[in-house]
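Reproduced below: work.pdb, with PDB, C-alpha atoms.
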ATOM      1  CA  MET M   1      -1.184  -2.161  53.820
ATOM      2  CA  LEU M   2       1.148  -2.703  50.852
ATOM      3  CA  PRO M   3       1.421  -6.144  49.238
ATOM      4  CA  LEU M   4       4.433  -8.274  50.216
ATOM      5  CA  THR M   5       5.264  -9.120  46.619
ATOM      6  CA  PRO M   6       6.465  -6.531  44.103
ATOM      7  CA  CYS M   7       3.803  -5.006  41.900
ATOM      8  CA  SER M   8       4.055  -5.218  38.124
ATOM      9  CA  LEU M   9       3.052  -2.515  35.718
ATOM     10  CA  GLN M  10      -0.123  -3.544  33.942
ATOM     11  CA  THR M  11       0.567  -4.107  30.264
ATOM     12  CA  SER M  12      -2.641  -5.653  29.000
ATOM     13  CA  ASP M  13      -4.108  -4.156  25.879
ATOM     14  CA  ASP M  14      -7.468  -5.718  26.582
ATOM     15  CA  PHE M  15     -10.214  -3.198  27.153
ATOM     16  CA  PRO M  16     -12.753  -4.894  29.410
ATOM     17  CA  HIS M  17     -16.177  -3.301  29.097
ATOM     18  CA  GLY M  18     -14.786  -1.006  26.393
ATOM     19  CA  GLN M  19     -12.763   1.101  28.833
ATOM     20  CA  PRO M  20      -8.996   1.680  29.106
ATOM     21  CA  GLY M  21      -7.309   0.227  32.208
ATOM     22  CA  PRO M  22      -5.174   2.174  34.707
ATOM     23  CA  GLN M  23      -2.036   1.646  32.581
ATOM     24  CA  TRP M  24      -3.481   4.036  29.966
ATOM     25  CA  GLN M  25      -3.476   7.812  30.197
ATOM     26  CA  TRP M  26      -4.723  10.719  28.130
ATOM     27  CA  GLN M  27      -2.422  13.484  26.983
ATOM     28  CA  ALA M  28      -5.030  16.012  28.160
ATOM     29  CA  ASN M  29      -8.380  15.945  29.907
ATOM     30  CA  PRO M  30     -10.482  13.443  27.920
ATOM     31  CA  GLN M  31     -13.511  14.705  26.039
ATOM     32  CA  ASP M  32     -16.799  12.922  25.437
ATOM     33  CA  GLY M  33     -16.723  11.221  22.067
ATOM     34  CA  TRP M  34     -12.947  10.570  21.900
ATOM     35  CA  LEU M  35     -13.546   6.874  22.425
ATOM     36  CA  THR M  36     -16.452   4.471  22.444
ATOM     37  CA  PRO M  37     -16.754   0.759  23.284
ATOM     38  CA  TYR M  38     -16.271  -1.467  20.241
ATOM     39  CA  GLN M  39     -17.480  -5.009  19.477
ATOM     40  CA  GLN M  40     -19.811  -5.372  22.452
ATOM     41  CA  GLY M  41     -17.284  -3.840  24.863
ATOM     42  CA  GLN M  42     -14.345  -6.064  23.853
ATOM     43  CA  GLY M  43     -12.327  -3.202  22.409
ATOM     44  CA  LEU M  44     -12.180   0.536  21.939
ATOM     45  CA  GLN M  45     -12.942   2.748  19.017
ATOM     46  CA  LEU M  46     -10.897   5.913  19.075
ATOM     47  CA  CYS M  47     -12.734   8.622  17.210
ATOM     48  CA  CYS M  48     -11.038  11.222  15.069
ATOM     49  CA  ALA M  49     -11.036  14.678  16.632
ATOM     50  CA  PRO M  50     -10.687  17.766  14.437
ATOM     51  CA  THR M  51      -7.338  19.560  14.760
ATOM     52  CA  SER M  52      -5.324  22.033  12.776
ATOM     53  CA  SER M  53      -3.315  20.298  10.053
ATOM     54  CA  ASP M  54      -0.099  22.013  11.141
ATOM     55  CA  ILE M  55      -0.224  20.976  14.819
ATOM     56  CA  SER M  56       2.669  18.900  16.149
ATOM     57  CA  LEU M  57       2.016  15.351  17.368
ATOM     58  CA  TYR M  58       3.467  16.533  20.675
ATOM     59  CA  ARG M  59       0.659  19.070  21.113
ATOM     60  CA  LEU M  60      -2.313  16.821  20.310
ATOM     61  CA  PRO M  61      -4.619  16.402  23.322
ATOM     62  CA  GLN M  62      -6.501  13.282  22.120
ATOM     63  CA  LEU M  63      -3.609  10.811  22.459
ATOM     64  CA  LEU M  64      -4.305   7.659  24.483
ATOM     65  CA  LEU M  65      -0.893   6.656  25.875
ATOM     66  CA  GLN M  66       0.650   3.752  27.771
ATOM     67  CA  LYS M  67       3.961   3.760  29.644
ATOM     68  CA  PHE M  68       6.773   1.578  28.311
ATOM     69  CA  PRO M  69       6.443  -1.739  30.180
ATOM     70  CA  ALA M  70      10.163  -2.627  29.947
ATOM     71  CA  GLU M  71      13.446  -1.501  28.471
ATOM     72  CA  ARG M  72      12.894  -3.856  25.515
ATOM     73  CA  PHE M  73       9.452  -4.859  24.308
ATOM     74  CA  THR M  74       7.314  -5.342  21.205
ATOM     75  CA  VAL M  75       4.002  -3.653  20.448
ATOM     76  CA  ASN M  76       1.494  -4.813  17.858
ATOM     77  CA  THR M  77      -1.881  -3.290  17.214
ATOM     78  CA  ALA M  78      -4.571  -3.853  14.633
ATOM     79  CA  LEU M  79      -6.390  -0.932  13.085
ATOM     80  CA  ARG M  80      -9.586  -1.162  11.114
ATOM     81  CA  PRO M  81      -9.663   2.186   9.336
ATOM     82  CA  LEU M  82     -13.232   3.436   9.405
ATOM     83  CA  PHE M  83     -12.267   6.896   8.266
ATOM     84  CA  SER M  84     -15.377   8.846   7.372
ATOM     85  CA  GLN M  85     -13.808  11.891   5.753
ATOM     86  CA  GLU M  86     -10.673  13.162   4.103
ATOM     87  CA  GLY M  87      -7.937  13.931   6.618
ATOM     88  CA  ASP M  88      -9.025  11.370   9.242
ATOM     89  CA  GLU M  89      -5.940   9.816  10.819
ATOM     90  CA  ALA M  90      -4.907   7.160  13.360
ATOM     91  CA  GLY M  91      -1.703   5.377  14.303
ATOM     92  CA  ILE M  92       0.792   4.276  16.891
ATOM     93  CA  ALA M  93       3.421   6.515  18.467
ATOM     94  CA  ILE M  94       6.419   6.629  20.740
ATOM     95  CA  TYR M  95       5.859   9.736  22.794
ATOM     96  CA  GLY M  96       8.135  11.794  25.014
ATOM     97  CA  GLN M  97      10.645  14.622  24.616
ATOM     98  CA  ARG M  98      11.404  12.914  21.307
ATOM     99  CA  PHE M  99       8.426  11.443  19.534
ATOM    100  CA  ALA M 100       7.648   9.443  16.425
ATOM    101  CA  GLY M 101       4.422   8.155  14.978
ATOM    102  CA  LEU M 102       3.530   5.672  12.275
ATOM    103  CA  CYS M 103       0.227   7.062  11.029
ATOM    104  CA  LEU M 104      -2.513   6.064   8.636
ATOM    105  CA  SER M 105      -4.665   8.750   7.082
ATOM    106  CA  ARG M 106      -7.358   9.047   4.454
ATOM    107  CA  ARG M 107      -6.230  11.258   1.602
ATOM    108  CA  ASP M 108      -7.581  11.234  -1.966
ATOM    109  CA  SER M 109      -9.824   8.218  -1.138
ATOM    110  CA  LYS M 110      -6.767   6.121  -0.265
ATOM    111  CA  ILE M 111      -5.144   5.025   2.967
ATOM    112  CA  LYS M 112      -1.730   6.671   3.217
ATOM    113  CA  LEU M 113       1.107   5.744   5.538
ATOM    114  CA  SER M 114       3.448   8.355   6.997
ATOM    115  CA  LEU M 115       6.165   8.501   9.622
ATOM    116  CA  ARG M 116       6.315  11.655  11.735
ATOM    117  CA  HIS M 117       8.992  12.534  14.204
ATOM    118  CA  GLY M 118      10.245  15.514  16.149
ATOM    119  CA  TRP M 119      11.308  16.987  19.460
ATOM    120  CA  ILE M 120       9.305  18.747  22.153
ATOM    121  CA  ASP M 121      11.101  21.992  21.276
ATOM    122  CA  ASP M 122      10.504  21.753  17.520
ATOM    123  CA  ARG M 123       8.405  24.435  15.957
ATOM    124  CA  GLY M 124       7.013  21.823  13.625
ATOM    125  CA  GLU M 125       7.420  18.180  12.730
ATOM    126  CA  THR M 126       9.521  16.380  10.202
ATOM    127  CA  HIS M 127       7.385  14.244   7.903
ATOM    128  CA  GLN M 128       8.787  11.525   5.764
ATOM    129  CA  GLU M 129       6.917  11.344   2.511
ATOM    130  CA  SER M 130       3.622   9.514   2.769
ATOM    131  CA  ILE M 131       2.883   6.540   0.556
ATOM    132  CA  ALA M 132      -0.508   5.230  -0.589
ATOM    133  CA  LEU M 133      -1.265   1.694   0.614
ATOM    134  CA  LEU M 134      -4.580   0.568  -0.852
ATOM    135  CA  ASP M 135      -8.008   1.850  -1.712
ATOM    136  CA  VAL M 136      -9.935   2.591   1.507
ATOM    137  CA  THR M 137     -12.761   0.219   0.671
ATOM    138  CA  VAL M 138     -10.678  -2.983   0.510
ATOM    139  CA  ILE M 139      -8.640  -2.878   3.712
ATOM    140  CA  ASN M 140      -9.946  -5.130   6.483
ATOM    141  CA  ALA M 141      -7.249  -4.577   9.112
ATOM    142  CA  ILE M 142      -3.800  -3.078   9.385
ATOM    143  CA  GLU M 143      -1.253  -4.148  11.965
ATOM    144  CA  LEU M 144       1.260  -1.576  13.099
ATOM    145  CA  GLY M 145       4.028  -2.366  15.497
ATOM    146  CA  PHE M 146       7.444  -1.541  16.762
ATOM    147  CA  ARG M 147      10.177  -3.211  18.767
ATOM    148  CA  VAL M 148      12.046  -1.021  21.208
ATOM    149  CA  GLY M 149      15.609  -1.729  22.247
ATOM    150  CA  LEU M 150      18.898  -0.294  21.103
ATOM    151  CA  VAL M 151      17.267   0.330  17.723
ATOM    152  CA  THR M 152      13.566   0.946  17.201
ATOM    153  CA  VAL M 153      12.129  -1.102  14.337
ATOM    154  CA  TRP M 154       8.770  -0.168  12.789
ATOM    155  CA  SER M 155       6.652  -2.651  10.833
ATOM    156  CA  ILE M 156       3.349  -2.782   8.980
ATOM    157  CA  SER M 157       1.252  -5.524   7.403
ATOM    158  CA  THR M 158      -2.228  -5.483   5.923
ATOM    159  CA  THR M 159      -5.135  -7.900   5.648
ATOM    160  CA  VAL M 160      -7.241  -7.223   2.583
ATOM    161  CA  CYS M 161     -10.885  -8.154   2.006
ATOM    162  CA  ARG M 162     -11.601  -9.684  -1.385
TER     163      ARG M 162
END
If you took the structure in this file and wrote it as structure tokens, what would it be?
Amino acid sequence: MLPLTPCSLQTSDDFPHGQPGPQWQWQANPQDGWLTPYQQGQGLQLCCAPTSSDISLYRLPQLLLQKFPAERFTVNTALRPLFSQEGDEAGIAIYGQRFAGLCLSRRDSKIKLSLRHGWIDDRGETHQESIALLDVTVINAIELGFRVGLVTVWSISTTVCR
């Protein structure tokens, strides 16, 4: 029997027991090792998965995605870059026929920020030039976010260990 009250799309970004809730979906069939519980099961650690450097964001299988919860909303996430090797990358993306991602990567022993965007039909991606943020060893957390509405606004802030 269906409930008498309307159902709401789950929007929580909590990961009880270190697992994604039903509002999350993988781009492809998940593989062992793509994510692990973090901080005694209070969060998730998404692990870097090797891919070709020229692959489009649209074609990556290891994306953990959530549906837009409303026409206008704000997303904030904190990343603690634990990149173990050159080329490791993580970020936040808007994904669909058009896609864009604000990504952090480890290049030349620095954390670099880049914005990628493209279309499903693109043969490749357009990359805005990446910029170096800080030395990898001093970043404690990075918050990435965007606000969706008539105009999408991207933002970034960092917390640095001293």
- Message: Would you compute the distance between atom CA of Lys112 of chain M and atom CA of Gln39 of chain M? Give it in Å to one decimal.
- Response: 25.5 Å
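Interatomic distance, atom CA of Lys67 of chain M against atom CA of Gln31 of chain M: 20.9 Å.
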- Test item: residues at most 10 Å from Gln97 of chain M, only C-alpha atoms, excluding those fewer than 2 positions along its chain, as a ChimeraX atom specification: /M:58,94-95,99,118-121
Take the point (-3.2, 7.0, 30.2) as written in the file and pick out every residue within 6 Å of it, counting all atoms listed in the file; give the list as a compact mmCIF listing (two decimals) with C-alpha atoms, keeping the file's coordinate frame.
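Result went into point_14.txt, see below:
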# COMPACT_ATOMS: atom_id res chain seq x y z
CA GLN M 23 -2.04 1.65 32.58
CA TRP M 24 -3.48 4.04 29.97
CA GLN M 25 -3.48 7.81 30.20
CA TRP M 26 -4.72 10.72 28.13
CA LEU M 64 -4.30 7.66 24.48
CA LEU M 65 -0.89 6.66 25.88
CA GLN M 66 0.65 3.75 27.77
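Atom CA of Arg59 of chain M is positioned 29.1 Å from atom CA of His17 of chain M.
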- Given the choices M:Ala132, M:Val75, M:Leu63, M:Leu115, which gets closest to Asp13 of chain M if the distance is worked out from only C-alpha atoms? M:Val75
- Message: Ranking M:Thr5, M:Gln40, M:Thr51, M:Ser105 by minimum distance to Glu89 of chain M and counting only C-alpha atoms, which one comes first?
- Response: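 Going through M:Thr5, M:Gln40, M:Thr51, M:Ser105 one by one, the smallest distance to Glu89 of chain M is for M:Ser105.
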- Hits from the PyMOL selection byres ((chain M and resi 88) around 12), listed as a PyMOL selection string: chain M and resi 46-53+81-87+89-91+103-112+136
